[in-house]
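Text of the file work03.txt, holding compact mmCIF, C-alpha atoms and all ligand atoms:
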# COMPACT_ATOMS: atom_id res chain seq x y z
CA THR A 1 -17.42 74.86 16.96
CA PRO A 2 -15.97 71.37 16.82
CA SER A 3 -12.71 70.54 15.09
CA SER A 4 -12.61 70.36 11.31
CA ARG A 5 -12.18 66.60 11.77
CA VAL A 6 -15.67 66.44 13.24
CA SER A 7 -17.38 69.18 11.27
CA GLY A 8 -16.02 67.56 8.08
CA ILE A 9 -18.13 64.43 8.69
CA THR A 10 -20.90 65.46 6.36
CA PRO A 11 -23.04 62.64 5.02
CA SER A 12 -22.07 61.77 1.48
CA GLY A 13 -24.50 61.88 -1.38
CA LYS A 14 -26.86 63.53 1.07
CA ASP A 15 -29.28 64.21 -1.72
CA GLY A 16 -31.95 61.62 -1.27
CA TRP A 17 -31.82 60.92 2.44
CA GLU A 18 -34.50 63.58 2.91
CA VAL A 19 -36.98 61.24 1.20
CA HIS A 20 -36.20 58.57 3.77
CA PHE A 21 -36.38 60.91 6.77
CA GLU A 22 -39.65 62.45 5.60
CA ALA A 23 -41.14 58.98 5.03
CA MET A 24 -39.98 57.87 8.50
CA THR A 25 -41.62 60.87 10.13
CA ARG A 26 -44.89 60.26 8.34
CA HIS A 27 -44.75 56.52 8.96
CA GLN A 28 -44.24 57.09 12.68
CA ALA A 29 -47.17 59.51 12.65
CA GLY A 30 -49.36 56.67 11.37
CA GLU A 31 -49.43 57.14 7.58
CA PRO A 32 -49.63 53.72 5.85
CA ILE A 33 -46.28 54.06 4.09
CA ILE A 34 -44.45 50.94 2.95
CA MET A 35 -40.89 51.51 4.11
CA LEU A 36 -38.48 50.06 1.58
CA SER A 37 -35.78 52.62 2.35
CA VAL A 38 -34.29 51.09 5.51
CA GLY A 39 -31.50 48.51 5.73
CA ASP A 40 -32.59 46.89 8.98
CA HIS A 41 -34.47 43.63 9.46
CA ASP A 42 -38.23 43.71 10.06
CA PHE A 43 -37.81 40.76 12.49
CA HIS A 44 -36.14 40.46 15.87
CA THR A 45 -32.89 38.74 16.85
CA PRO A 46 -33.30 34.92 17.12
CA ALA A 47 -34.67 33.90 20.53
CA GLU A 48 -31.68 31.60 21.21
CA THR A 49 -29.31 34.56 20.98
CA VAL A 50 -31.51 36.68 23.22
CA GLU A 51 -31.62 33.84 25.78
CA ALA A 52 -27.84 33.46 25.68
CA CYS A 53 -27.53 37.16 26.47
CA VAL A 54 -30.02 36.98 29.35
CA ARG A 55 -28.14 33.98 30.77
CA ALA A 56 -24.86 35.91 30.56
CA VAL A 57 -26.33 38.94 32.31
CA ARG A 58 -27.78 36.76 35.07
CA ALA A 59 -24.49 34.90 35.47
CA GLY A 60 -22.74 38.16 36.33
CA HIS A 61 -20.81 38.82 33.13
CA HIS A 62 -20.87 42.55 33.74
CA HIS A 63 -17.20 43.46 33.69
CA TYR A 64 -14.45 44.79 31.44
CA THR A 65 -13.29 42.43 28.73
CA GLN A 66 -10.01 41.90 26.86
CA LEU A 67 -9.40 44.75 24.41
CA PRO A 68 -9.38 42.70 21.18
CA GLY A 69 -12.34 40.58 22.40
CA ILE A 70 -12.79 37.73 24.88
CA PRO A 71 -10.82 34.64 23.72
CA ARG A 72 -13.89 32.55 22.87
CA LEU A 73 -15.30 35.41 20.79
CA ARG A 74 -12.07 35.87 18.84
CA ALA A 75 -11.97 32.12 18.26
CA ALA A 76 -15.59 32.03 17.04
CA MET A 77 -15.00 35.05 14.81
CA ALA A 78 -11.83 33.47 13.40
CA LYS A 79 -13.85 30.39 12.49
CA ALA A 80 -16.47 32.58 10.81
CA THR A 81 -13.77 34.43 8.85
CA SER A 82 -12.30 31.10 7.75
CA ALA A 83 -15.72 30.17 6.33
CA CYS A 84 -16.30 33.62 4.82
CA THR A 85 -12.92 34.00 3.14
CA GLY A 86 -11.87 30.41 2.60
CA VAL A 87 -8.57 31.18 4.35
CA GLU A 88 -7.67 29.46 7.64
CA THR A 89 -7.80 32.24 10.24
CA SER A 90 -6.42 32.33 13.78
CA PRO A 91 -7.93 34.23 16.76
CA ALA A 92 -4.85 36.47 16.83
CA GLN A 93 -5.90 37.83 13.43
CA ILE A 94 -9.20 39.14 14.83
CA LEU A 95 -10.05 42.53 16.33
CA SER A 96 -13.63 42.62 17.61
CA THR A 97 -15.44 45.94 17.27
CA PRO A 98 -18.86 47.41 18.03
CA GLY A 99 -20.29 46.64 14.58
CA GLY A 100 -18.88 46.63 11.09
CA GLN A 101 -18.93 50.42 11.07
CA ALA A 102 -16.32 50.61 13.83
CA ALA A 103 -14.23 48.05 11.93
CA LEU A 104 -14.42 50.30 8.86
CA PHE A 105 -13.24 53.31 10.87
CA ALA A 106 -10.44 51.23 12.39
CA SER A 107 -9.37 50.12 8.91
CA ALA A 108 -9.26 53.73 7.67
CA LEU A 109 -7.19 54.86 10.69
CA ALA A 110 -4.92 51.84 10.43
CA THR A 111 -4.09 51.94 6.73
CA CYS A 112 -3.86 55.68 6.07
CA ASP A 113 -2.15 58.65 7.70
CA ALA A 114 -3.79 62.06 7.60
CA GLY A 115 -3.35 63.42 4.08
CA ASP A 116 -3.02 59.97 2.51
CA HIS A 117 -5.41 58.88 -0.21
CA ALA A 118 -7.90 56.02 -0.53
CA ILE A 119 -10.10 54.80 -3.36
CA ILE A 120 -13.75 53.99 -2.72
CA VAL A 121 -15.78 52.07 -5.26
CA ALA A 122 -19.29 53.40 -5.94
CA PRO A 123 -22.16 52.71 -5.56
CA PHE A 124 -21.13 52.56 -1.91
CA TYR A 125 -22.56 52.16 1.56
CA ALA A 126 -23.25 55.76 2.51
CA THR A 127 -20.89 55.98 5.49
CA TYR A 128 -17.75 55.15 3.48
CA PRO A 129 -16.73 58.66 2.38
CA PRO A 130 -17.39 60.33 5.77
CA THR A 131 -15.57 57.48 7.56
CA PHE A 132 -12.42 58.16 5.57
CA ARG A 133 -12.86 61.91 5.80
CA ALA A 134 -13.09 61.61 9.60
CA ALA A 135 -9.71 59.89 9.43
CA GLN A 136 -8.52 62.91 7.38
CA VAL A 137 -7.92 60.77 4.33
CA ASP A 138 -8.41 62.18 0.83
CA ILE A 139 -10.68 60.00 -1.26
CA SER A 140 -11.42 59.31 -4.89
CA ILE A 141 -14.65 57.67 -5.91
CA VAL A 142 -14.43 55.17 -8.77
CA ASP A 143 -17.73 54.23 -10.36
CA ALA A 144 -18.86 50.69 -11.07
CA HIS A 145 -21.32 50.96 -13.94
CA ALA A 146 -24.83 49.61 -14.26
CA GLU A 147 -24.06 48.26 -17.74
CA ASP A 148 -21.31 46.09 -16.16
CA GLY A 149 -23.83 44.74 -13.66
CA PHE A 150 -22.16 47.08 -11.13
CA GLN A 151 -18.96 45.02 -11.22
CA PRO A 152 -16.05 47.47 -10.76
CA GLN A 153 -13.37 47.59 -13.45
CA ALA A 154 -9.77 47.23 -12.30
CA ALA A 155 -8.46 49.66 -14.93
CA ALA A 156 -10.69 52.45 -13.61
CA ILE A 157 -9.47 51.81 -10.08
CA GLU A 158 -5.85 51.78 -11.21
CA ALA A 159 -6.31 55.09 -13.03
CA ALA A 160 -7.31 56.76 -9.73
CA ILE A 161 -4.12 55.76 -7.88
CA THR A 162 -1.87 58.62 -6.71
CA PRO A 163 1.53 58.50 -4.99
CA ARG A 164 -0.33 58.84 -1.67
CA THR A 165 -2.84 56.05 -2.23
CA ARG A 166 -2.73 53.49 0.56
CA ALA A 167 -6.02 51.59 0.35
CA ILE A 168 -8.94 50.53 -1.84
CA LEU A 169 -12.34 49.93 -0.25
CA ILE A 170 -14.79 47.49 -1.82
CA ASN A 171 -18.00 45.78 -0.70
CA THR A 172 -19.37 42.42 -1.83
CA PRO A 173 -22.23 41.42 -1.72
CA ASN A 174 -22.89 45.08 -2.33
CA ASN A 175 -25.07 47.62 -0.62
CA PRO A 176 -26.84 49.23 -2.45
CA THR A 177 -26.65 47.33 -5.74
CA GLY A 178 -26.93 43.71 -4.58
CA ALA A 179 -24.08 42.87 -6.96
CA VAL A 180 -21.95 39.92 -5.87
CA TYR A 181 -18.45 40.44 -7.22
CA THR A 182 -17.14 37.72 -9.47
CA HIS A 183 -13.81 35.95 -9.13
CA GLU A 184 -12.67 37.78 -12.26
CA THR A 185 -13.60 41.21 -10.86
CA LEU A 186 -11.79 40.49 -7.60
CA GLU A 187 -8.73 39.06 -9.35
CA GLY A 188 -8.47 42.31 -11.35
CA ILE A 189 -8.62 44.42 -8.18
CA ALA A 190 -6.20 42.10 -6.35
CA ASP A 191 -3.73 42.46 -9.21
CA VAL A 192 -3.86 46.26 -8.85
CA CYS A 193 -3.30 45.98 -5.07
CA ARG A 194 -0.32 43.66 -5.50
CA ARG A 195 1.37 45.73 -8.21
CA HIS A 196 0.90 49.05 -6.37
CA ASP A 197 1.47 47.64 -2.89
CA LEU A 198 -1.93 48.73 -1.55
CA TRP A 199 -4.23 47.57 1.21
CA LEU A 200 -7.57 46.14 0.16
CA ILE A 201 -10.35 46.78 2.65
CA SER A 202 -13.06 44.27 1.85
CA ASP A 203 -16.46 44.79 3.46
CA GLU A 204 -18.12 41.37 3.48
CA VAL A 205 -20.90 41.97 6.02
CA TYR A 206 -23.50 40.46 3.64
CA TRP A 207 -21.47 37.34 2.82
CA THR A 208 -24.07 34.88 4.15
CA ILE A 209 -26.78 36.52 2.02
CA ALA A 210 -25.17 36.03 -1.39
CA GLY A 211 -28.39 34.72 -2.95
CA THR A 212 -27.78 32.24 -5.72
CA ARG A 213 -24.21 33.48 -6.24
CA ARG A 214 -21.15 32.16 -4.48
CA HIS A 215 -19.47 34.71 -2.23
CA VAL A 216 -15.81 35.09 -3.12
CA SER A 217 -13.46 36.90 -0.76
CA PRO A 218 -10.44 38.66 -2.27
CA ARG A 219 -8.49 37.50 0.81
CA SER A 220 -8.44 34.02 -0.76
CA LEU A 221 -6.56 35.20 -3.86
CA PRO A 222 -2.79 34.71 -4.23
CA GLY A 223 -0.70 37.21 -2.27
CA MET A 224 -3.76 38.91 -0.78
CA GLU A 225 -3.96 37.56 2.76
CA GLU A 226 -1.12 39.84 3.88
CA ARG A 227 -2.70 42.96 2.33
CA THR A 228 -6.42 42.47 2.93
CA LEU A 229 -8.48 43.69 5.87
CA VAL A 230 -11.90 42.03 5.97
CA VAL A 231 -14.82 43.80 7.64
CA ASN A 232 -17.46 41.49 9.13
CA SER A 233 -20.51 42.01 11.28
CA MET A 234 -23.27 40.05 12.99
CA SER A 235 -25.83 42.75 12.17
CA LYS A 236 -27.12 41.25 8.93
CA SER A 237 -26.01 37.60 9.05
CA HIS A 238 -27.25 36.91 12.61
CA GLY A 239 -30.04 39.49 12.84
CA MET A 240 -28.19 41.58 15.43
CA THR A 241 -28.14 45.16 14.11
CA GLY A 242 -28.79 46.83 17.46
CA TRP A 243 -26.28 44.72 19.39
CA ARG A 244 -23.33 46.42 17.75
CA ILE A 245 -20.97 43.58 17.13
CA GLY A 246 -18.53 43.08 14.29
CA TRP A 247 -14.88 42.50 13.61
CA LEU A 248 -11.86 43.17 11.48
CA THR A 249 -9.57 40.42 10.19
CA GLY A 250 -6.04 41.07 8.99
CA PRO A 251 -2.44 39.90 9.26
CA GLU A 252 -1.56 38.96 12.84
CA ASP A 253 1.25 41.48 13.44
CA PHE A 254 -0.90 44.29 11.99
CA VAL A 255 -3.99 43.37 14.03
CA THR A 256 -1.86 43.12 17.19
CA MET A 257 -0.93 46.77 16.71
CA LEU A 258 -4.59 47.73 16.11
CA ILE A 259 -5.56 46.57 19.58
CA SER A 260 -4.40 50.01 20.74
CA LEU A 261 -7.33 51.51 18.78
CA ASN A 262 -9.75 49.65 21.06
CA LEU A 263 -7.78 50.93 24.06
CA VAL A 264 -8.47 54.55 23.11
CA SER A 265 -12.01 54.13 21.77
CA THR A 266 -14.30 51.35 23.01
CA TYR A 267 -12.07 49.80 25.70
CA GLY A 268 -13.47 46.44 24.62
CA LEU A 269 -16.95 45.11 23.95
CA PRO A 270 -19.63 44.51 26.60
CA ASP A 271 -19.13 41.12 28.26
CA PHE A 272 -22.69 39.76 28.03
CA ILE A 273 -23.03 40.86 24.39
CA SER A 274 -19.77 39.08 23.61
CA ARG A 275 -21.04 35.87 25.22
CA ALA A 276 -24.34 36.03 23.33
CA ALA A 277 -22.33 36.57 20.14
CA VAL A 278 -20.21 33.49 20.89
CA ASP A 279 -23.39 31.43 21.28
CA ALA A 280 -24.81 32.83 18.03
CA LEU A 281 -21.58 32.25 16.08
CA GLU A 282 -20.90 28.78 17.45
CA ASN A 283 -24.46 27.60 16.79
CA GLY A 284 -25.24 29.72 13.73
CA HIS A 285 -28.47 31.08 15.24
CA GLY A 286 -30.60 32.60 12.49
CA VAL A 287 -28.01 32.46 9.70
CA ALA A 288 -29.63 29.94 7.34
CA ASP A 289 -33.11 31.24 8.06
CA ILE A 290 -32.17 34.86 7.34
CA ALA A 291 -30.36 33.93 4.13
CA GLU A 292 -33.35 31.90 2.92
CA ARG A 293 -35.78 34.63 3.84
CA TYR A 294 -33.96 37.26 1.77
CA ALA A 295 -33.46 34.89 -1.16
CA LYS A 296 -37.21 34.21 -1.19
CA ARG A 297 -38.04 37.88 -0.87
CA ARG A 298 -35.83 38.73 -3.82
CA THR A 299 -37.63 36.16 -5.94
CA VAL A 300 -41.06 37.30 -4.71
CA PHE A 301 -40.32 40.94 -5.47
CA LEU A 302 -38.67 40.36 -8.84
CA ASP A 303 -41.51 38.06 -9.91
CA ALA A 304 -44.05 40.67 -8.82
CA ILE A 305 -42.49 43.51 -10.82
CA ARG A 306 -41.94 41.40 -13.93
CA GLY A 307 -43.18 43.18 -17.02
CA MET A 308 -42.88 46.59 -15.42
CA ASN A 309 -42.65 49.11 -18.22
CA ASP A 310 -39.32 50.75 -18.98
CA VAL A 311 -37.63 49.68 -15.77
CA THR A 312 -34.51 47.53 -15.82
CA MET A 313 -32.89 45.63 -13.04
CA ARG A 314 -29.13 45.25 -12.64
CA GLY A 315 -26.97 43.77 -9.92
CA SER A 316 -29.59 42.60 -7.39
CA GLU A 317 -28.02 39.16 -7.03
CA GLY A 318 -27.48 39.06 -3.26
CA GLY A 319 -27.52 41.15 -0.10
CA MET A 320 -30.72 42.76 1.11
CA TYR A 321 -31.43 45.09 -1.80
CA VAL A 322 -32.70 45.36 -5.36
CA MET A 323 -31.65 48.19 -7.69
CA LEU A 324 -34.01 49.38 -10.39
CA ASP A 325 -33.03 51.66 -13.23
CA VAL A 326 -35.93 54.10 -13.56
CA SER A 327 -34.12 56.62 -15.76
CA ALA A 328 -36.25 55.80 -18.83
CA LEU A 329 -39.27 57.02 -16.85
CA GLU A 330 -37.67 59.83 -14.92
CA PRO A 331 -34.00 60.82 -15.23
CA ASP A 332 -33.98 62.43 -11.77
CA CYS A 333 -34.17 59.48 -9.37
CA GLU A 334 -34.70 61.72 -6.39
CA ALA A 335 -37.75 63.28 -8.05
CA PHE A 336 -38.95 59.75 -8.81
CA ALA A 337 -38.61 58.71 -5.15
CA TRP A 338 -40.48 61.81 -3.94
CA ALA A 339 -43.27 61.32 -6.46
CA LEU A 340 -43.56 57.61 -5.59
CA LEU A 341 -43.86 58.51 -1.92
CA GLU A 342 -46.57 61.06 -2.62
CA ALA A 343 -48.57 59.03 -5.12
CA GLU A 344 -48.29 55.49 -3.73
CA LYS A 345 -46.88 55.82 -0.21
CA VAL A 346 -43.85 53.68 -0.94
CA ALA A 347 -40.50 54.86 0.44
CA VAL A 348 -37.35 53.93 -1.50
CA MET A 349 -33.83 55.36 -1.57
CA PRO A 350 -32.79 57.38 -4.62
CA GLY A 351 -29.61 55.91 -6.07
CA GLY A 352 -27.76 59.23 -5.85
CA SER A 353 -27.50 58.69 -2.09
CA PHE A 354 -24.91 56.02 -2.82
CA GLY A 355 -22.75 57.98 -5.26
CA ASP A 356 -23.19 59.22 -8.81
CA ALA A 357 -22.80 55.68 -10.18
CA ALA A 358 -26.26 54.80 -8.86
CA LYS A 359 -28.03 57.88 -10.20
CA GLY A 360 -31.07 57.08 -12.29
CA HIS A 361 -31.79 54.13 -9.99
CA ILE A 362 -33.80 53.46 -6.87
CA ARG A 363 -32.78 51.06 -4.12
CA ILE A 364 -35.48 48.78 -2.81
CA SER A 365 -34.78 47.23 0.55
CA LEU A 366 -36.19 43.73 1.03
CA CYS A 367 -36.72 44.26 4.76
CA GLN A 368 -40.47 43.57 4.60
CA PRO A 369 -42.54 40.36 4.58
CA ASP A 370 -43.41 38.76 1.23
CA GLU A 371 -46.99 40.08 1.11
CA VAL A 372 -45.83 43.66 1.77
CA LEU A 373 -43.25 43.36 -1.00
CA ARG A 374 -45.98 42.11 -3.38
CA GLU A 375 -48.16 45.08 -2.48
CA ALA A 376 -45.21 47.45 -2.94
CA ALA A 377 -44.58 45.93 -6.38
CA THR A 378 -48.22 46.47 -7.34
CA ARG A 379 -47.99 50.12 -6.33
CA LEU A 380 -44.67 50.56 -8.10
CA LYS A 381 -46.05 49.09 -11.32
CA ARG A 382 -49.11 51.32 -11.15
CA PHE A 383 -46.86 54.32 -10.55
CA ALA A 384 -44.58 53.42 -13.48
CA GLY A 385 -47.70 53.08 -15.63
CA SER A 386 -48.67 56.65 -14.76
CA TYR A 387 -45.64 57.91 -16.69
CA LYS A 388 -47.16 56.71 -19.97
N1 LIG A 401 -21.13 47.70 5.59
C1 LIG A 401 -22.23 47.70 4.83
C2 LIG A 401 -22.08 47.45 3.38
C3 LIG A 401 -23.49 47.93 5.38
O1 LIG A 401 -24.58 47.94 4.59
C4 LIG A 401 -23.59 48.18 6.77
C5 LIG A 401 -24.90 48.47 7.38
O2 LIG A 401 -25.90 48.69 6.74
C6 LIG A 401 -22.40 48.18 7.52
C7 LIG A 401 -21.20 47.93 6.91
C8 LIG A 401 -22.37 48.47 8.99
O3 LIG A 401 -23.12 47.60 9.72
P1 LIG A 401 -22.92 47.41 11.27
O4 LIG A 401 -22.13 48.58 11.80
O5 LIG A 401 -24.29 47.35 11.83
O6 LIG A 401 -22.17 46.14 11.41
Turn this file's structure into structure tokens for me.
Amino acid sequence: TPSSRVSGITPSGKDGWEVHFEAMTRHQAGEPIIMLSVGDHDFHTPAETVEACVRAVRAGHHHYTQLPGIPRLRAAMAKATSACTGVETSPAQILSTPGGQAALFASALATCDAGDHAIIVAPFYATYPPTFRAAQVDISIVDAHAEDGFQPQAAAIEAAITPRTRAILINTPNNPTGAVYTHETLEGIADVCRRHDLWLISDEVYWTIAGTRRHVSPRSLPGMEERTLVVNSMSKSHGMTGWRIGWLTGPEDFVTMLISLNLVSTYGLPDFISRAAVDALENGHGVADIAERYAKRRTVFLDAIRGMNDVTMRGSEGGMYVMLDVSALEPDCEAFAWALLEAEKVAVMPGGSFGDAAKGHIRISLCQPDEVLREAATRLKRFAGSYK
């Protein structure tokens, strides 16, 4: 048997993922299921980025790279972080990683010792609890409530602090709720971090897809630059999920020490991927188009479900998701998702997969073309009507 470190990596909120896996199996077997349960784009990486990669492969960029990232990549990432956070960022503050997920794991290992404690705000991206557990960190989950538009409350976070707490993990724009945290919400959390001398790990991988809201990074707030680690990724913003490229931004002396994590794990990113990423970052391939596409899809879907009986929508301001409260129809959101799959062949994620705070809800992913989303809305409305 593997170590407890490994065997302890059980998926969190695993209730609900079965709906997705079952739908995937059936979909792959040819059943006409509309998949609204996945968080990956339905379109490919922009052609310019693909071409940049092919050029780099042909030019012989096949070798080891610098551990924190090739200089041009760190520079391009620093520029992107400056835009994302509104704080001037230098290349020395950047650690490139294979995706945002690896940056999250690095941030858990870097801020907490084994046996320390971290606070995770729910609803959360499903890997958060197992990522911290793999780093042998104890966690507390603090719920952001639907009635607050899924904006977390600083007082609830503060109440979960223990003498061993080292870090708070938040995500805006949020997966799964689509909530974009307000300046006021972030100021409240920043105040807690400053007073209790805590790290804030801020996952901002959806920052370019903030919808009609303005993305605010807590790193821009007074006294926060030195205690914030920002997680970024090219997966969502640049349509590069399968390329595995992301980064962590933090104080220079801290990030310099984190380079040793890349030494013992990835030994640096692939050279040709790094060069394609530089091209994508420097030229913004796909960014505006992807943001517009999701903004339009949100409008299309929300317009199409308007007037749906007994279903309320909260959060759902940005990111790639819409959250619907279906509890007035069916209190058990997992049962709702199963029944929807059976009756109408629409696959959604039950909210419980993202922590108790999202129970009673379903998460709709907008990773389908407009006409498919309209059809899904029609089926969803018909299904809701069947509860009458
Ligand atoms: N953070 C959030 C909130 C996500 O939704 C995802 C992916 O869905 C990630 C991080 C990780 O993305 P990646 O590792 O592809 O950068």
**Request:** Grab the atom CA of Ser235 of chain A to atom O5 of ligand LIG 401 (chain A) distance for me, in Å with one decimal place.
**Result:**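 Atom-to-atom, atom CA of Ser235 of chain A to atom O5 of ligand LIG 401 (chain A), that is 4.9 Å.
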**Request:** For each of A:Val216, A:Ala328, A:Ile290, A:Ile189, take the minimum atom-to-atom distance to Ala83 of chain A, counting only C-alpha atoms, then give the residue where this is smallest.
**Result:**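 Closest to Ala83 of chain A, using only C-alpha atoms: A:Val216.
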**Asked** If I put a ball of radius 7 Å at (-48.9, 54.3, 3.7) in the file's coordinates, which residues poke into it when counting only C-alpha atoms, written as a list in words?
**Response** Glu31, Pro32, Ile33, Ile34, Lys345 and Val346 of chain A
**Request:** Could you please extract the residues within 9 Å of ligand LIG 401 (chain A), counting all atoms listed in the file, and hand them back as a ChimeraX atom specification?
**Result:** /A:38-40,97-104,124-128,170-176,203-206,231-236,240-247,319-320
**Message:** Counting all atoms listed in the file, which residue out of A:Ile141, A:Ala288, A:Val255, A:Val54 sits closest to Ser237 of chain A?
**Reply:**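 With all atoms listed in the file as the atom set, the closest residue is A:Ala288.
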**Prompt:** In Å, with one decimal, what is the gap from atom CA of Glu48 of chain A to atom CA of Ala75 of chain A?
**Reply:**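 Atom CA of Glu48 of chain A sits 19.9 Å away from atom CA of Ala75 of chain A.
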**Message:** For a quick check of understanding, using all atoms listed in the file, which of A:Gln368, A:Ser217, A:Ser316, A:Thr182 has the smallest distance to Arg293 of chain A?
**Reply:**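 Among A:Gln368, A:Ser217, A:Ser316, A:Thr182, it is A:Gln368 that comes nearest to Arg293 of chain A.
Residue nearest Thr45 of chain A within the list A:Ala156, A:Val287, A:Met24, A:Ile120: A:Val287 [criterion: smallest interatomic distance, only C-alpha atoms].
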**Complete:** Restricting to only C-alpha atoms, whichever of A:Arg227, A:Lys359, A:Arg379, A:Arg213 is closest to Ala347 of chain A is A:Arg379
**Message:** If we count only C-alpha atoms and set the cut-off at 9 Å, which residues sit around Glu317 of chain A, ignoring sequence neighbours fewer than 2 positions away in its own chain? Please answer as a ChimeraX atom specification.
**Reply:** /A:173,177-180,210-213,298,314-315,319,321-322
Complete segment 88-101 of chain A at the level of N, CA and C atoms, written as a short mmCIF file (atom, residue, chain, number, x, y, z; two decimals), in the coordinates of the input.
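rebuild_19.cif was written with the following content:
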data_model
loop_
_atom_site.label_atom_id
_atom_site.label_comp_id
_atom_site.auth_asym_id
_atom_site.auth_seq_id
_atom_site.Cartn_x
_atom_site.Cartn_y
_atom_site.Cartn_z
N GLU A 88 -7.78 29.84 6.22
CA GLU A 88 -7.67 29.46 7.64
C GLU A 88 -7.24 30.68 8.45
N THR A 89 -8.02 31.00 9.49
CA THR A 89 -7.80 32.24 10.24
C THR A 89 -7.62 31.92 11.71
N SER A 90 -6.65 32.58 12.35
CA SER A 90 -6.42 32.33 13.78
C SER A 90 -7.02 33.46 14.62
N PRO A 91 -7.35 33.19 15.90
CA PRO A 91 -7.93 34.23 16.76
C PRO A 91 -7.06 35.48 16.85
N ALA A 92 -5.75 35.31 16.72
CA ALA A 92 -4.85 36.47 16.83
C ALA A 92 -4.99 37.42 15.64
N GLN A 93 -5.69 36.98 14.61
CA GLN A 93 -5.90 37.83 13.43
C GLN A 93 -7.20 38.64 13.52
N ILE A 94 -7.87 38.54 14.67
CA ILE A 94 -9.20 39.14 14.83
C ILE A 94 -9.19 40.31 15.81
N LEU A 95 -9.78 41.41 15.42
CA LEU A 95 -10.05 42.53 16.33
C LEU A 95 -11.57 42.71 16.38
N SER A 96 -12.17 42.43 17.54
CA SER A 96 -13.63 42.62 17.61
C SER A 96 -13.94 44.09 17.81
N THR A 97 -15.07 44.51 17.27
CA THR A 97 -15.44 45.94 17.27
C THR A 97 -16.95 46.07 17.47
N PRO A 98 -17.41 47.23 17.92
CA PRO A 98 -18.86 47.41 18.03
C PRO A 98 -19.50 47.63 16.66
N GLY A 99 -19.68 46.56 15.90
CA GLY A 99 -20.29 46.64 14.58
C GLY A 99 -19.26 46.76 13.47
N GLY A 100 -19.74 46.50 12.26
CA GLY A 100 -18.88 46.63 11.09
C GLY A 100 -18.43 48.07 10.88
N GLN A 101 -19.28 49.02 11.27
CA GLN A 101 -18.93 50.42 11.07
C GLN A 101 -17.65 50.78 11.82
#
